[in-house]
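Asker: My structure is below; once you've seen it, I'll send some questions.
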Amino acid sequence: MMGLKTLLLASLLGVLEVRLAAGSHHGRSMPGSPYNISRDDRGLQQAVLAAAYSFNNQSNDAFLFKPSAIHRAQRQVVKGVRYILDLEISRTVCRKRDKNNNNNLSNCGFQPEGRLHQTFQCHFEVWVIAWQNVTKTLVSLCKP
């Protein structure tokens with residue numbers, strides 16, 4: 001009898017995990033779960049720039065990188081807003097040592113096709129706590 005109860009409980013928990021992972025309940029988003037957002041979401045551009053600056057600060061490359069494509073963007077409200085981003089980030093023609101470029105990536109064009117052209121597939125998680133004026137990159141995983 002105990003084995004049947006354990007099996008039933010495990011089965012129920014499995015269904016619950018699937019539902020929680022999907023973040024929906026009868027097709028609606030559950031409060032506190034991540035949800036997909038539009039590319040023109042107000043805070044998305046701030047999160048994408050924070051991710052790019054984080055990447056550039058960790059990179060030993062001589063050139064700056066900036067986002068070249070957004071593949072997935074999600075938002076989760078948790079003591080602020082957590083952005084979950086899957087981006088392509090590509091090398092620009094701007095050098096890091098040129099201080100004029102470091103504050104404005106929009107002035108930096110991408111490297112043309114050739115030996116200096118490079119793009120990474122990245123997953124970032126950026127946490128924005130607007131009322132404290134805090135933006136933190138929690139996760140930064142990139143591969144060529």
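Quick note on naming: the chains in the structure tokens go A, B, ... in the order shown, residues restart at 1 in each chain, and ligands are numbered from 1 in order of appearance.
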Give me the residues within 6 Å of Ala73 in chain A as a list in words, counting only C-alpha atoms and dropping any in the same chain fewer than 5 places off.
Answerer: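 Residues near the query, excluding close chain neighbours: Asn36, Ile37, Ile84 and Leu85 of chain A.
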Asker: Out of A:His117, A:Lys79, A:His123, A:Lys99, which residue has the shortest atom-to-atom distance to Phe55 in chain A when counting only C-alpha atoms?
Answerer: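 Among the listed residues, the smallest separation from Phe55 in chain A belongs to A:His123.
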Asker: Considering only C-alpha atoms, can you say which of A:Thr92, A:Gln74, A:Gln121, A:Thr135 comes closest to Tyr35 in chain A?
Answerer: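 Once distances to Tyr35 in chain A are computed over only C-alpha atoms, the minimum belongs to A:Gln74.
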Asker: Would you mind reading off the distance between CA of Arg42 in chain A and CA of Leu138 in chain A, one decimal, in Å?
Answerer: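 Going from CA of Arg42 in chain A over to CA of Leu138 in chain A, I get 20.0 Å.
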Asker: From the DSSP assignment of the backbone, select every residue of range 9-134 of chain A that is helix (DSSP H, G or I), and format the answer as number ranges by chain.
Answerer: A: 9-22, 44-58, 105-107, 130-132
Asker: Residues of the last selection are to be written out with C-alpha atoms, as a CSV table (one decimal), in the first residue's frame.
Answerer:
```
chain,number,residue,atom,x,y,z
A,9,LEU,CA,2.6,11.2,-5.0
A,10,ALA,CA,5.6,11.0,-7.4
A,11,SER,CA,3.2,11.0,-10.4
A,12,LEU,CA,1.3,14.0,-9.0
A,13,LEU,CA,4.5,15.9,-8.4
A,14,GLY,CA,5.7,15.1,-11.9
A,15,VAL,CA,2.5,16.7,-13.4
A,16,LEU,CA,2.9,19.7,-11.1
A,17,GLU,CA,6.6,20.2,-12.1
A,18,VAL,CA,5.6,20.1,-15.8
A,19,ARG,CA,2.9,22.6,-15.2
A,20,LEU,CA,5.2,24.9,-13.2
A,21,ALA,CA,8.0,24.6,-15.8
A,22,ALA,CA,5.5,25.6,-18.5
A,44,LEU,CA,14.3,45.1,-22.6
A,45,GLN,CA,16.7,47.5,-24.3
A,46,GLN,CA,18.2,48.4,-20.9
A,47,ALA,CA,18.6,44.7,-20.0
A,48,VAL,CA,20.2,44.0,-23.4
A,49,LEU,CA,22.7,46.8,-23.0
A,50,ALA,CA,23.5,45.7,-19.5
A,51,ALA,CA,24.2,42.2,-20.9
A,52,ALA,CA,26.5,43.7,-23.6
A,53,TYR,CA,28.5,45.8,-21.1
A,54,SER,CA,28.9,42.8,-18.8
A,55,PHE,CA,30.2,40.7,-21.8
A,56,ASN,CA,32.6,43.4,-22.7
A,57,ASN,CA,33.9,43.8,-19.2
A,58,GLN,CA,34.6,40.0,-18.9
A,105,LEU,CA,27.7,51.1,-28.6
A,106,SER,CA,25.2,52.4,-31.1
A,107,ASN,CA,28.1,54.3,-32.8
A,130,ALA,CA,14.5,50.2,-10.7
A,131,TRP,CA,13.6,51.9,-7.4
A,132,GLN,CA,17.2,51.2,-6.1
```
